[in-house]
file my_file11.txt (compact mmCIF, C-alpha atoms)
# COMPACT_ATOMS: atom_id res chain seq x y z
CA MET T 629 6.08 33.59 -21.12
CA LEU T 630 5.04 35.67 -24.11
CA LYS T 631 4.02 39.29 -23.80
CA ALA T 632 3.68 42.12 -26.29
CA VAL T 633 3.77 45.62 -24.84
CA GLN T 634 2.63 48.75 -26.73
CA ILE T 635 3.73 47.41 -30.12
CA ARG T 636 3.57 49.85 -33.01
CA LYS T 637 4.55 48.98 -36.55
CA SER T 638 4.04 50.89 -39.76
CA PHE T 639 5.20 50.51 -43.35
CA GLY T 640 5.58 54.03 -44.72
CA GLU T 641 2.26 55.76 -44.27
CA LEU T 642 0.42 52.55 -43.47
CA CYS T 643 0.19 51.76 -39.75
CA VAL T 644 -0.58 48.05 -39.28
CA LEU T 645 -0.19 47.77 -35.52
CA GLU T 646 -0.98 50.55 -33.07
CA ASN T 647 -0.22 50.15 -29.36
CA PHE T 648 -0.81 46.41 -29.40
CA THR T 649 -0.53 44.94 -25.93
CA HIS T 650 -1.32 41.37 -24.93
CA GLU T 651 -0.06 38.71 -22.57
CA PHE T 652 -0.47 35.32 -24.17
CA ALA T 653 -1.79 32.68 -21.79
CA GLU T 654 0.79 30.04 -21.03
CA GLY T 655 -0.13 26.52 -22.14
CA LYS T 656 -3.09 27.83 -24.14
CA SER T 657 -3.80 28.43 -27.79
CA THR T 658 -4.41 32.00 -28.86
CA ALA T 659 -5.77 32.71 -32.32
CA VAL T 660 -5.02 35.98 -34.05
CA LEU T 661 -7.98 36.54 -36.34
CA GLY T 662 -8.40 39.12 -39.03
CA LYS T 663 -8.74 39.85 -42.72
CA SER T 664 -5.84 39.66 -45.14
CA GLY T 665 -3.43 42.57 -44.80
CA CYS T 666 -4.49 43.58 -41.28
CA GLY T 667 -1.06 42.84 -39.78
CA LYS T 668 -1.44 39.28 -38.47
CA THR T 669 1.79 38.00 -40.03
CA THR T 670 3.63 41.19 -39.05
CA LEU T 671 2.56 40.67 -35.44
CA LEU T 672 3.70 37.03 -35.56
CA ASN T 673 7.07 38.02 -37.03
CA ILE T 674 7.54 40.65 -34.33
CA LEU T 675 6.65 38.11 -31.63
CA MET T 676 9.16 35.66 -33.13
CA GLY T 677 11.85 38.35 -33.31
CA LEU T 678 12.06 38.30 -37.12
CA GLN T 679 10.85 41.89 -37.45
CA THR T 680 11.57 44.88 -35.23
CA PRO T 681 8.65 47.03 -34.06
CA ASP T 682 8.84 50.82 -34.44
CA SER T 683 8.17 51.05 -30.73
CA GLY T 684 7.16 48.77 -27.87
CA GLU T 685 8.70 45.49 -26.77
CA VAL T 686 8.24 41.74 -26.75
CA VAL T 687 8.98 39.71 -23.65
CA ARG T 688 9.56 36.09 -24.52
CA ASP T 689 10.95 33.08 -22.67
CA GLY T 690 11.82 29.63 -23.96
CA LYS T 691 12.41 27.87 -27.24
CA ILE T 692 10.22 28.69 -30.19
CA SER T 693 8.99 26.75 -33.18
CA ALA T 694 7.14 27.98 -36.25
CA VAL T 695 4.95 27.12 -39.19
CA PHE T 696 5.86 29.95 -41.53
CA GLN T 697 3.47 31.53 -44.02
CA GLU T 698 5.70 30.15 -46.79
CA ASN T 699 6.81 26.62 -45.99
CA ARG T 700 10.52 27.44 -45.77
CA LEU T 701 11.51 23.84 -46.42
CA CYS T 702 14.89 22.88 -47.88
CA GLU T 703 13.72 21.77 -51.32
CA ASN T 704 16.75 19.54 -51.98
CA LEU T 705 16.32 17.55 -48.76
CA THR T 706 13.87 14.72 -48.24
CA ALA T 707 10.78 15.29 -46.10
CA SER T 708 12.38 13.21 -43.36
CA ALA T 709 15.68 15.15 -43.53
CA ASN T 710 13.83 18.45 -43.26
CA ILE T 711 12.34 17.26 -40.01
CA ARG T 712 15.59 15.73 -38.76
CA LEU T 713 17.23 19.09 -39.39
CA VAL T 714 15.32 20.49 -36.40
CA THR T 715 14.90 17.37 -34.25
CA GLY T 716 18.50 16.16 -34.51
CA LYS T 717 18.98 12.62 -33.26
CA ARG T 718 16.11 12.96 -30.76
CA LEU T 719 13.82 11.14 -33.19
CA SER T 720 14.81 8.09 -35.25
CA LYS T 721 14.07 7.82 -38.97
CA ALA T 722 11.38 5.24 -38.17
CA GLN T 723 9.70 7.57 -35.67
CA ILE T 724 9.69 10.39 -38.22
CA ALA T 725 8.23 8.06 -40.86
CA GLU T 726 5.48 7.16 -38.38
CA GLU T 727 4.66 10.82 -37.74
CA LEU T 728 4.64 11.53 -41.47
CA ALA T 729 2.17 8.69 -41.91
CA ALA T 730 -0.02 10.23 -39.20
CA VAL T 731 -0.54 13.31 -41.38
CA GLY T 732 -1.11 11.25 -44.52
CA LEU T 733 2.44 11.33 -45.84
CA SER T 734 3.38 7.66 -45.59
CA GLY T 735 5.97 6.72 -48.19
CA CYS T 736 7.08 10.34 -48.60
CA GLU T 737 9.92 10.23 -46.07
CA ASN T 738 12.64 9.61 -48.66
CA LYS T 739 11.26 11.88 -51.36
CA PRO T 740 13.00 15.22 -51.93
CA VAL T 741 10.61 17.99 -50.93
CA ARG T 742 10.82 19.53 -54.42
CA GLU T 743 8.90 16.48 -55.68
CA LEU T 744 6.02 16.90 -53.21
CA SER T 745 2.74 18.70 -53.94
CA GLY T 746 1.79 21.99 -52.26
CA GLY T 747 -0.40 20.30 -49.66
CA MET T 748 2.27 17.71 -48.88
CA LYS T 749 4.85 20.44 -48.40
CA ARG T 750 2.48 22.26 -46.03
CA ARG T 751 2.03 19.14 -43.94
CA THR T 752 5.79 18.53 -43.85
CA SER T 753 6.33 22.10 -42.72
CA LEU T 754 3.66 21.70 -40.05
CA LEU T 755 5.11 18.43 -38.84
CA ARG T 756 8.60 19.94 -38.63
CA ALA T 757 7.25 22.64 -36.34
CA LEU T 758 5.30 20.19 -34.18
CA LEU T 759 8.18 17.75 -33.76
CA ALA T 760 10.76 20.39 -32.87
CA GLU T 761 11.49 21.03 -29.20
CA TYR T 762 9.60 24.18 -28.22
CA ASP T 763 7.84 26.12 -25.50
CA ILE T 764 5.95 28.46 -27.83
CA LEU T 765 4.62 27.57 -31.26
CA PHE T 766 3.87 30.24 -33.84
CA ALA T 767 1.68 29.04 -36.69
CA ASP T 768 0.82 31.27 -39.62
CA GLU T 769 -2.19 29.83 -41.44
CA PRO T 770 -0.88 26.29 -40.89
CA PHE T 771 -3.68 24.55 -42.79
CA LYS T 772 -3.50 26.74 -45.89
CA GLY T 773 -3.88 24.77 -49.11
CA LEU T 774 -5.22 21.56 -47.56
CA ASP T 775 -8.42 19.98 -48.80
CA ALA T 776 -11.34 19.68 -46.34
CA ASP T 777 -10.79 16.03 -45.35
CA THR T 778 -7.04 16.34 -44.94
CA LYS T 779 -7.49 19.60 -43.04
CA ARG T 780 -9.82 17.92 -40.56
CA GLU T 781 -7.34 15.08 -39.96
CA VAL T 782 -4.37 17.40 -39.65
CA MET T 783 -6.24 19.77 -37.31
CA ARG T 784 -6.99 16.83 -35.04
CA TYR T 785 -3.29 15.88 -35.05
CA PHE T 786 -2.30 19.53 -34.44
CA LYS T 787 -4.63 19.82 -31.44
CA GLU T 788 -3.31 16.58 -29.94
CA LYS T 789 0.34 17.56 -30.38
CA THR T 790 -0.06 21.12 -29.06
CA SER T 791 -2.13 20.23 -26.04
CA GLY T 792 -0.73 22.09 -23.00
CA LYS T 793 1.65 24.20 -25.12
CA THR T 794 1.60 27.92 -25.76
CA VAL T 795 0.41 28.41 -29.32
CA VAL T 796 -0.10 31.59 -31.33
CA LEU T 797 -2.20 30.74 -34.34
CA VAL T 798 -2.73 33.21 -37.15
CA THR T 799 -5.77 32.56 -39.27
CA HIS T 800 -8.72 34.17 -41.02
CA ASP T 801 -10.84 31.04 -40.65
CA ASN T 802 -13.47 31.10 -37.89
CA ASP T 803 -13.78 27.29 -37.88
CA GLU T 804 -10.07 26.92 -37.12
CA CYS T 805 -10.47 29.37 -34.25
CA GLU T 806 -13.39 27.49 -32.80
CA ALA T 807 -11.72 24.13 -33.08
CA LEU T 808 -8.27 25.07 -31.84
CA ALA T 809 -8.19 28.32 -29.88
CA ASP T 810 -8.75 28.97 -26.18
CA ASP T 811 -8.47 32.70 -26.68
CA ILE T 812 -9.04 34.97 -29.71
CA ILE T 813 -7.46 38.30 -30.63
CA ARG T 814 -9.27 40.17 -33.42
CA LEU T 815 -7.13 42.58 -35.44
CA MET K 1280 13.30 1.48 -70.16
CA HIS K 1281 13.71 5.24 -70.49
CA LYS K 1282 17.45 4.95 -69.84
CA LEU K 1283 17.74 2.13 -72.35
CA LYS K 1284 15.98 4.25 -74.99
CA LYS K 1285 18.24 7.21 -74.25
CA PHE K 1286 21.31 4.98 -74.56
CA GLY K 1287 20.00 3.60 -77.85
CA VAL K 1288 19.51 7.10 -79.26
CA THR K 1289 23.02 8.16 -78.19
CA ALA K 1290 24.56 4.99 -79.63
CA ALA K 1291 22.71 5.53 -82.92
CA ALA K 1292 23.97 9.14 -83.10
CA VAL K 1293 27.56 8.02 -82.45
CA LEU K 1294 27.28 5.31 -85.11
CA PHE K 1295 25.87 7.85 -87.57
CA TRP K 1296 28.86 10.19 -87.15
CA LEU K 1297 31.32 7.29 -87.30
CA ALA K 1298 29.72 6.26 -90.60
CA ILE K 1299 30.06 9.83 -91.95
CA TRP K 1300 33.72 9.83 -90.85
CA GLN K 1301 34.31 6.45 -92.52
CA ILE K 1302 32.70 7.61 -95.80
CA ALA K 1303 34.69 10.89 -95.76
CA ALA K 1304 37.94 8.97 -95.18
CA LEU K 1305 37.16 6.59 -98.04
CA LYS K 1306 36.31 9.50 -100.37
CA LEU K 1307 39.46 11.49 -99.50
CA ASP K 1308 41.59 8.35 -99.68
CA SER K 1309 44.55 10.02 -97.93
CA GLU K 1310 45.73 8.76 -94.55
CA ILE K 1311 47.62 11.98 -93.93
CA ILE K 1312 44.54 14.19 -94.27
CA LEU K 1313 41.99 11.88 -92.64
CA VAL K 1314 42.35 8.32 -91.40
CA SER K 1315 39.30 6.13 -91.12
CA PRO K 1316 37.76 5.41 -87.67
CA ILE K 1317 38.72 1.75 -88.09
CA LYS K 1318 42.37 2.67 -88.67
CA ALA K 1319 42.32 5.09 -85.72
CA ALA K 1320 40.78 2.43 -83.47
CA LYS K 1321 43.33 -0.12 -84.66
CA ARG K 1322 46.16 2.30 -83.82
CA LEU K 1323 44.64 2.92 -80.38
CA PHE K 1324 44.57 -0.83 -79.71
CA GLU K 1325 48.23 -1.02 -80.76
CA LEU K 1326 49.12 1.78 -78.34
CA VAL K 1327 47.18 0.52 -75.31
CA PRO K 1328 49.44 -2.47 -74.44
CA LEU K 1329 52.56 -0.29 -74.55
CA SER K 1330 53.91 0.91 -71.19
CA GLY K 1331 54.70 4.30 -72.71
CA PHE K 1332 50.99 4.81 -73.40
CA TRP K 1333 50.06 4.38 -69.73
CA GLN K 1334 53.01 6.49 -68.58
CA SER K 1335 51.78 9.35 -70.79
CA VAL K 1336 48.20 8.86 -69.60
CA LEU K 1337 49.31 8.91 -65.96
CA PHE K 1338 51.62 11.89 -66.51
CA SER K 1339 48.89 14.05 -68.07
CA ALA K 1340 45.97 12.81 -65.95
CA ALA K 1341 47.82 13.46 -62.69
CA ARG K 1342 48.60 17.03 -63.71
CA VAL K 1343 45.25 17.90 -65.27
CA LEU K 1344 43.36 16.48 -62.29
CA ALA K 1345 45.67 18.23 -59.82
CA GLY K 1346 44.96 21.52 -61.59
CA PHE K 1347 41.24 20.73 -61.55
CA ALA K 1348 41.22 19.89 -57.83
CA LEU K 1349 43.21 22.99 -56.94
CA GLY K 1350 40.92 25.06 -59.16
CA LEU K 1351 37.82 23.67 -57.43
CA ALA K 1352 39.22 24.51 -54.01
CA ALA K 1353 40.52 27.96 -54.96
CA GLY K 1354 37.40 28.87 -56.96
CA THR K 1355 35.13 27.89 -54.07
CA LEU K 1356 37.22 29.77 -51.49
CA LEU K 1357 37.35 32.84 -53.71
CA ALA K 1358 33.56 32.74 -54.18
CA VAL K 1359 33.01 32.50 -50.41
CA ALA K 1360 35.45 35.36 -49.79
CA SER K 1361 33.79 37.44 -52.54
CA LYS K 1362 30.39 36.87 -50.97
CA LYS K 1363 31.64 37.73 -47.50
CA PHE K 1364 33.81 40.75 -48.31
CA ARG K 1365 32.74 43.37 -50.85
CA ILE K 1366 36.34 44.45 -51.33
CA VAL K 1367 37.36 40.93 -52.43
CA ARG K 1368 34.50 40.83 -54.95
CA ALA K 1369 35.43 44.26 -56.31
CA LEU K 1370 39.10 43.30 -56.55
CA PHE K 1371 38.70 39.90 -58.16
CA SER K 1372 35.68 40.50 -60.39
CA PRO K 1373 37.67 42.12 -63.27
CA LEU K 1374 40.43 39.52 -62.87
CA ILE K 1375 37.94 36.64 -63.13
CA SER K 1376 36.29 38.24 -66.19
CA ALA K 1377 39.70 38.64 -67.83
CA MET K 1378 40.67 35.04 -67.00
CA LYS K 1379 37.51 33.86 -68.77
CA SER K 1380 38.48 35.50 -72.04
CA ILE K 1381 42.29 35.16 -72.07
CA PRO K 1382 43.25 32.55 -74.72
CA VAL K 1383 44.71 29.28 -73.40
CA ALA K 1384 47.79 29.87 -75.59
CA SER K 1385 48.55 33.14 -73.79
CA PHE K 1386 48.25 31.47 -70.39
CA THR K 1387 50.43 28.64 -71.60
CA ILE K 1388 53.26 30.79 -72.97
CA LEU K 1389 53.32 32.85 -69.78
CA ALA K 1390 53.23 29.74 -67.60
CA LEU K 1391 56.02 28.21 -69.68
CA ILE K 1392 58.20 31.20 -68.83
CA TRP K 1393 57.27 31.09 -65.14
CA ILE K 1394 57.42 27.40 -64.27
CA GLY K 1395 58.82 25.51 -67.28
CA SER K 1396 57.08 22.72 -69.13
CA LYS K 1397 56.88 19.80 -66.67
CA ASN K 1398 53.97 21.07 -64.55
CA LEU K 1399 52.59 23.43 -67.14
CA SER K 1400 49.25 21.63 -67.43
CA VAL K 1401 48.66 21.89 -63.65
CA LEU K 1402 48.81 25.66 -63.79
CA VAL K 1403 46.85 26.02 -67.04
CA SER K 1404 44.05 23.66 -65.87
CA PHE K 1405 43.96 25.52 -62.58
CA LEU K 1406 43.67 28.90 -64.29
CA ILE K 1407 40.88 27.64 -66.55
CA CYS K 1408 38.97 26.02 -63.66
CA VAL K 1409 39.07 28.88 -61.14
CA PRO K 1410 36.84 31.41 -62.96
CA ILE K 1411 34.23 28.75 -63.84
CA VAL K 1412 33.97 27.46 -60.27
CA CYS K 1413 34.17 30.91 -58.72
CA GLY K 1414 31.45 32.29 -61.05
CA ASN K 1415 29.07 29.38 -60.47
CA MET K 1416 29.59 29.20 -56.72
CA LEU K 1417 29.17 32.95 -56.35
CA GLU K 1418 25.89 32.73 -58.25
CA GLY K 1419 24.83 29.94 -55.87
CA LEU K 1420 25.84 31.98 -52.82
CA ASP K 1421 23.96 35.01 -54.16
CA ASN K 1422 20.86 32.85 -54.64
CA LEU K 1423 20.90 31.33 -51.13
CA ASN K 1424 17.41 31.70 -49.73
CA PRO K 1425 17.59 34.15 -46.77
CA LYS K 1426 14.27 32.81 -45.46
CA LEU K 1427 15.87 29.41 -44.92
CA THR K 1428 18.69 31.03 -42.99
CA GLU K 1429 16.06 32.79 -40.87
CA MET K 1430 14.26 29.46 -40.38
CA SER K 1431 17.50 27.84 -39.18
CA HIS K 1432 17.88 30.59 -36.57
CA VAL K 1433 14.28 30.24 -35.37
CA PHE K 1434 14.77 26.48 -34.85
CA GLN K 1435 18.28 26.98 -33.43
CA ILE K 1436 19.71 24.39 -35.81
CA SER K 1437 23.30 23.41 -34.92
CA PRO K 1438 26.06 24.96 -37.10
CA TRP K 1439 27.01 21.66 -38.75
CA ARG K 1440 23.40 20.73 -39.62
CA ARG K 1441 22.82 24.27 -40.84
CA PHE K 1442 25.90 24.05 -43.07
CA VAL K 1443 24.92 20.70 -44.60
CA GLY K 1444 21.13 20.95 -44.66
CA VAL K 1445 20.58 24.60 -45.38
CA TYR K 1446 23.66 25.82 -47.27
CA LEU K 1447 25.30 22.78 -48.88
CA SER K 1448 21.96 21.44 -50.12
CA GLN K 1449 21.38 24.72 -51.97
CA LEU K 1450 24.94 25.04 -53.27
CA LEU K 1451 25.52 21.50 -54.52
CA PRO K 1452 23.70 21.98 -57.87
CA TYR K 1453 25.93 24.98 -58.64
CA PHE K 1454 29.07 23.08 -57.63
CA ARG K 1455 28.02 20.13 -59.76
CA SER K 1456 27.51 22.17 -62.92
CA ALA K 1457 30.80 24.03 -62.34
CA ALA K 1458 32.68 20.76 -61.83
CA ARG K 1459 31.15 19.10 -64.92
CA LEU K 1460 32.02 22.05 -67.11
CA GLY K 1461 35.40 22.54 -65.48
CA ILE K 1462 36.66 18.98 -65.80
CA GLY K 1463 36.13 18.88 -69.58
CA LEU K 1464 37.75 22.27 -70.07
CA CYS K 1465 40.69 21.28 -67.84
CA TRP K 1466 41.43 18.30 -70.08
CA LYS K 1467 41.12 20.41 -73.24
CA SER K 1468 43.29 23.25 -71.99
CA GLY K 1469 45.75 21.02 -70.12
CA VAL K 1470 46.52 18.92 -73.18
CA ALA K 1471 46.63 22.03 -75.41
CA ALA K 1472 49.20 23.49 -73.01
CA GLU K 1473 51.25 20.29 -73.24
CA VAL K 1474 51.22 20.51 -77.04
CA ILE K 1475 52.77 23.98 -76.75
CA GLY K 1476 55.17 23.22 -73.86
CA ILE K 1477 55.96 19.62 -74.98
CA PRO K 1478 56.81 18.18 -71.52
CA ASN K 1479 58.56 14.79 -71.83
CA GLY K 1480 56.21 11.80 -71.52
CA SER K 1481 52.94 13.72 -71.77
CA ILE K 1482 49.94 13.15 -74.03
CA GLY K 1483 50.60 16.61 -75.46
CA GLU K 1484 54.08 15.52 -76.51
CA LYS K 1485 52.59 12.51 -78.33
CA LEU K 1486 50.11 14.75 -80.13
CA TYR K 1487 52.93 17.11 -81.08
CA GLN K 1488 55.01 14.22 -82.44
CA SER K 1489 52.08 12.95 -84.50
CA LYS K 1490 51.88 16.41 -86.08
CA VAL K 1491 55.63 16.56 -86.78
CA TYR K 1492 55.76 13.08 -88.34
CA LEU K 1493 52.35 13.44 -90.03
CA GLU K 1494 51.06 10.36 -88.22
CA THR K 1495 47.38 11.17 -88.42
CA ALA K 1496 46.34 7.76 -87.04
CA ASP K 1497 48.34 8.52 -83.86
CA LEU K 1498 46.75 11.96 -83.67
CA PHE K 1499 43.27 10.45 -83.76
CA ALA K 1500 44.20 7.63 -81.34
CA TRP K 1501 45.59 10.06 -78.77
CA THR K 1502 42.66 12.43 -79.27
CA ALA K 1503 40.26 9.53 -78.65
CA THR K 1504 42.27 8.75 -75.49
CA VAL K 1505 41.84 12.32 -74.23
CA ILE K 1506 38.09 12.24 -75.00
CA LEU K 1507 37.73 8.93 -73.15
CA LEU K 1508 39.74 10.15 -70.16
CA SER K 1509 37.74 13.36 -69.97
CA PHE K 1510 34.48 11.40 -70.25
CA LEU K 1511 35.54 8.90 -67.57
CA CYS K 1512 36.70 11.63 -65.20
CA GLU K 1513 33.43 13.50 -65.63
CA LYS K 1514 31.37 10.35 -65.05
CA LEU K 1515 33.42 9.36 -62.00
CA PHE K 1516 33.23 12.81 -60.49
CA THR K 1517 29.50 13.06 -61.20
CA ALA K 1518 28.98 9.68 -59.53
CA LEU K 1519 30.87 10.92 -56.46
CA LEU K 1520 28.77 14.08 -56.38
CA ASN K 1521 25.60 12.00 -56.75
CA LEU K 1522 26.65 9.98 -53.70
CA LEU K 1523 27.31 13.17 -51.77
CA GLN K 1524 23.97 14.59 -52.88
CA LYS K 1525 22.14 11.46 -51.72
CA ARG K 1526 23.83 11.72 -48.34
CA VAL K 1527 22.96 15.40 -48.05
CA GLU K 1528 19.39 14.80 -49.25
CA ARG K 1529 18.85 12.21 -46.52
CA MET K 1530 21.15 13.82 -43.92

call {"tool": "encode", "arguments": {"input": "my_file11.txt", "output": "structure tokens"}}
result
Amino acid sequence: MLKAVQIRKSFGELCVLENFTHEFAEGKSTAVLGKSGCGKTTLLNILMGLQTPDSGEVVRDGKISAVFQENRLCENLTASANIRLVTGKRLSKAQIAEELAAVGLSGCENKPVRELSGGMKRRTSLLRALLAEYDILFADEPFKGLDADTKREVMRYFKEKTSGKTVVLVTHDNDECEALADDIIRL
Amino acid sequence: MHKLKKFGVTAAAVLFWLAIWQIAALKLDSEIILVSPIKAAKRLFELVPLSGFWQSVLFSAARVLAGFALGLAAGTLLAVASKKFRIVRALFSPLISAMKSIPVASFTILALIWIGSKNLSVLVSFLICVPIVCGNMLEGLDNLNPKLTEMSHVFQISPWRRFVGVYLSQLLPYFRSAARLGIGLCWKSGVAAEVIGIPNGSIGEKLYQSKVYLETADLFAWTATVILLSFLCEKLFTALLNLLQKRVERM
């Protein structure tokens, strides 16, 4: 369950969220759509518990996973180790290598993340979130920085992996909304 | 190929300076002022088969490395405590700054009064190593990425995996540079302390004797020994850290 009740958040004089209330449908994807700076990431952070609202409350049940706005990968670990960090021994190295290959990162499993390109890091970060054990997935512009072809492939993979899961997807891209979301919140 | 080229350049530079040394020795033509590299090498080869040589090497190496190891542990613990408790940082910060600038000779004379000459180099190496390790590790701890800590909480990563994957992976580069710098300085200061304290059977004692009896070839041979030991220790320790880094990298 994920519910936001009467959330208000401001930064000084600037009020980014005013009495935001929404119950996110379980097992469905909800896209939070809006222009840059309208409070999408703030809302996501509040839902994840990383930021405290000025007033209101978040009711949340179950394990969470996230694709952060910044990748938040451990640069000195390999791509595979970054994923193993959250999966533990649940997935073998071979299984992780297979999943990496599925998002176009075959042969990258033993490379330190600091040696990967921006797009490769984004895909690693996305894969980490998708392979973790979770009930709710928060994804903040998960396809940012990917070229059109790669984005299409990765979006297909994302949809397949998140099928039946509760997903909150932050984006400013209408195409992403159409392809992935069951419900849309416009900020 | 790149490594081979780098080795070739280094070897050429070493040969260049050895040639300069040889020419200077020939020009000065005085074995008391400057022996030639060939003479120094010859003396070193004469010393190596002697049991006394290895006893001195073992005596000094054991103490310098003990001081280094203790310094690594104490410096790291002090850095962690300084990061965790503001009072510890405030208390030790001036002490660490002072330790960085106090001359080795002052440390040595004080240590000589406190503990005598036998284990002098343990204490001096330790005192030289602590501020370097503490300073570097504290810098590493200050630069830990809070967003990664937040990420580890979101994913509920187990404490051990969090320690290795999130913290150790960020701190290892700082530890490595502290250790590389520290090990060389421990050898320098440890042997310098032995020259002042003259503990029986140490490398420092041999250096002191070479000064007293004006045996410049011995001085150079023992100095070369210290350089080699310091180099080997650094390489060995770096190799161990590389292994650790590989393990951490791949978890």

call {"tool": "atom_distance", "arguments": {"input": "my_file11.txt", "atom1": "atom CA of T:Gly655", "atom2": "atom CA of T:Asp775"}}
result
28.7 Å

call {"tool": "closest_residue", "arguments": {"input": "my_file11.txt", "among": "K:Ser1456, K:Gln1334, K:Gln1449, K:Thr1495", "to": "T:Leu705", "atoms": "only C-alpha atoms"}}
result
K:Gln1449

call {"tool": "interface_residues", "arguments": {"input": "my_file11.txt", "of": "chain K", "to": "chain T", "cutoff": "6 Å", "atoms": "all atoms listed in the file", "output": "ChimeraX atom specification"}}
result
/K:1427,1436,1448,1528-1530

call {"tool": "atom_distance", "arguments": {"input": "my_file11.txt", "atom1": "atom CA of K:Ser1404", "atom2": "atom CA of K:Leu1391"}}
result
13.4 Å

call {"tool": "atom_distance", "arguments": {"input": "my_file11.txt", "atom1": "atom CA of K:Lys1397", "atom2": "atom CA of K:Gly1463"}}
result
21.0 Å

call {"tool": "residues_around", "arguments": {"input": "my_file11.txt", "residues": "T:Gly684", "least_positions_apart": "2", "cutoff": "6 Å", "atoms": "all atoms listed in the file", "output": "mmCIF file with C-alpha atoms, in the frame of the given file"}}
result
data_model
loop_
_atom_site.group_PDB
_atom_site.id
_atom_site.type_symbol
_atom_site.label_atom_id
_atom_site.label_comp_id
_atom_site.auth_asym_id
_atom_site.auth_seq_id
_atom_site.Cartn_x
_atom_site.Cartn_y
_atom_site.Cartn_z
ATOM 1 C CA VAL T 633 3.770 45.620 -24.840
ATOM 2 C CA GLN T 634 2.630 48.750 -26.730
ATOM 3 C CA ILE T 635 3.730 47.410 -30.120
#

call {"tool": "closest_residue", "arguments": {"input": "my_file11.txt", "among": "T:Gly792, T:Leu719, T:Leu797, T:Met748", "to": "T:Leu733", "atoms": "all atoms listed in the file"}}
result
T:Met748

call {"tool": "closest_residue", "arguments": {"input": "my_file11.txt", "among": "K:Ala1298, K:Leu1305, K:Leu1406, K:Ala1320", "to": "K:Asp1497", "atoms": "only C-alpha atoms"}}
result
K:Ala1320

call {"tool": "residues_near_point", "arguments": {"input": "my_file11.txt", "point": "(32.9, 32.6, -63.3)", "cutoff": "10 Å", "atoms": "only C-alpha atoms", "output": "list in words"}}
result
Gly1354, Ala1358, Ser1372, Ile1375, Ser1376, Met1378, Lys1379, Ile1407, Cys1408, Val1409, Pro1410, Ile1411, Val1412, Cys1413, Gly1414, Asn1415, Met1416, Leu1417, Glu1418 and Ala1457 of chain K

call {"tool": "write_last_selection", "arguments": {"input": "my_file11.txt", "atoms": "C-alpha atoms", "output": "compact mmCIF listing (two decimals), keeping the file's coordinate frame"}}
result
# COMPACT_ATOMS: atom_id res chain seq x y z
CA GLY K 1354 37.40 28.87 -56.96
CA ALA K 1358 33.56 32.74 -54.18
CA SER K 1372 35.68 40.50 -60.39
CA ILE K 1375 37.94 36.64 -63.13
CA SER K 1376 36.29 38.24 -66.19
CA MET K 1378 40.67 35.04 -67.00
CA LYS K 1379 37.51 33.86 -68.77
CA ILE K 1407 40.88 27.64 -66.55
CA CYS K 1408 38.97 26.02 -63.66
CA VAL K 1409 39.07 28.88 -61.14
CA PRO K 1410 36.84 31.41 -62.96
CA ILE K 1411 34.23 28.75 -63.84
CA VAL K 1412 33.97 27.46 -60.27
CA CYS K 1413 34.17 30.91 -58.72
CA GLY K 1414 31.45 32.29 -61.05
CA ASN K 1415 29.07 29.38 -60.47
CA MET K 1416 29.59 29.20 -56.72
CA LEU K 1417 29.17 32.95 -56.35
CA GLU K 1418 25.89 32.73 -58.25
CA ALA K 1457 30.80 24.03 -62.34

call {"tool": "closest_residue", "arguments": {"input": "my_file11.txt", "among": "T:Val731, T:Leu774, T:Val644, T:Leu808", "to": "T:Pro681", "atoms": "all atoms listed in the file"}}
result
T:Val644

call {"tool": "closest_residue", "arguments": {"input": "my_file11.txt", "among": "K:Phe1405, K:Ala1496, K:Arg1455, K:Tyr1446", "to": "K:Ala1352", "atoms": "only C-alpha atoms"}}
result
K:Phe1405

call {"tool": "closest_residue", "arguments": {"input": "my_file11.txt", "among": "K:Phe1516, K:Val1433, K:Leu1402, K:Trp1296", "to": "K:Gly1350", "atoms": "only C-alpha atoms"}}
result
K:Leu1402
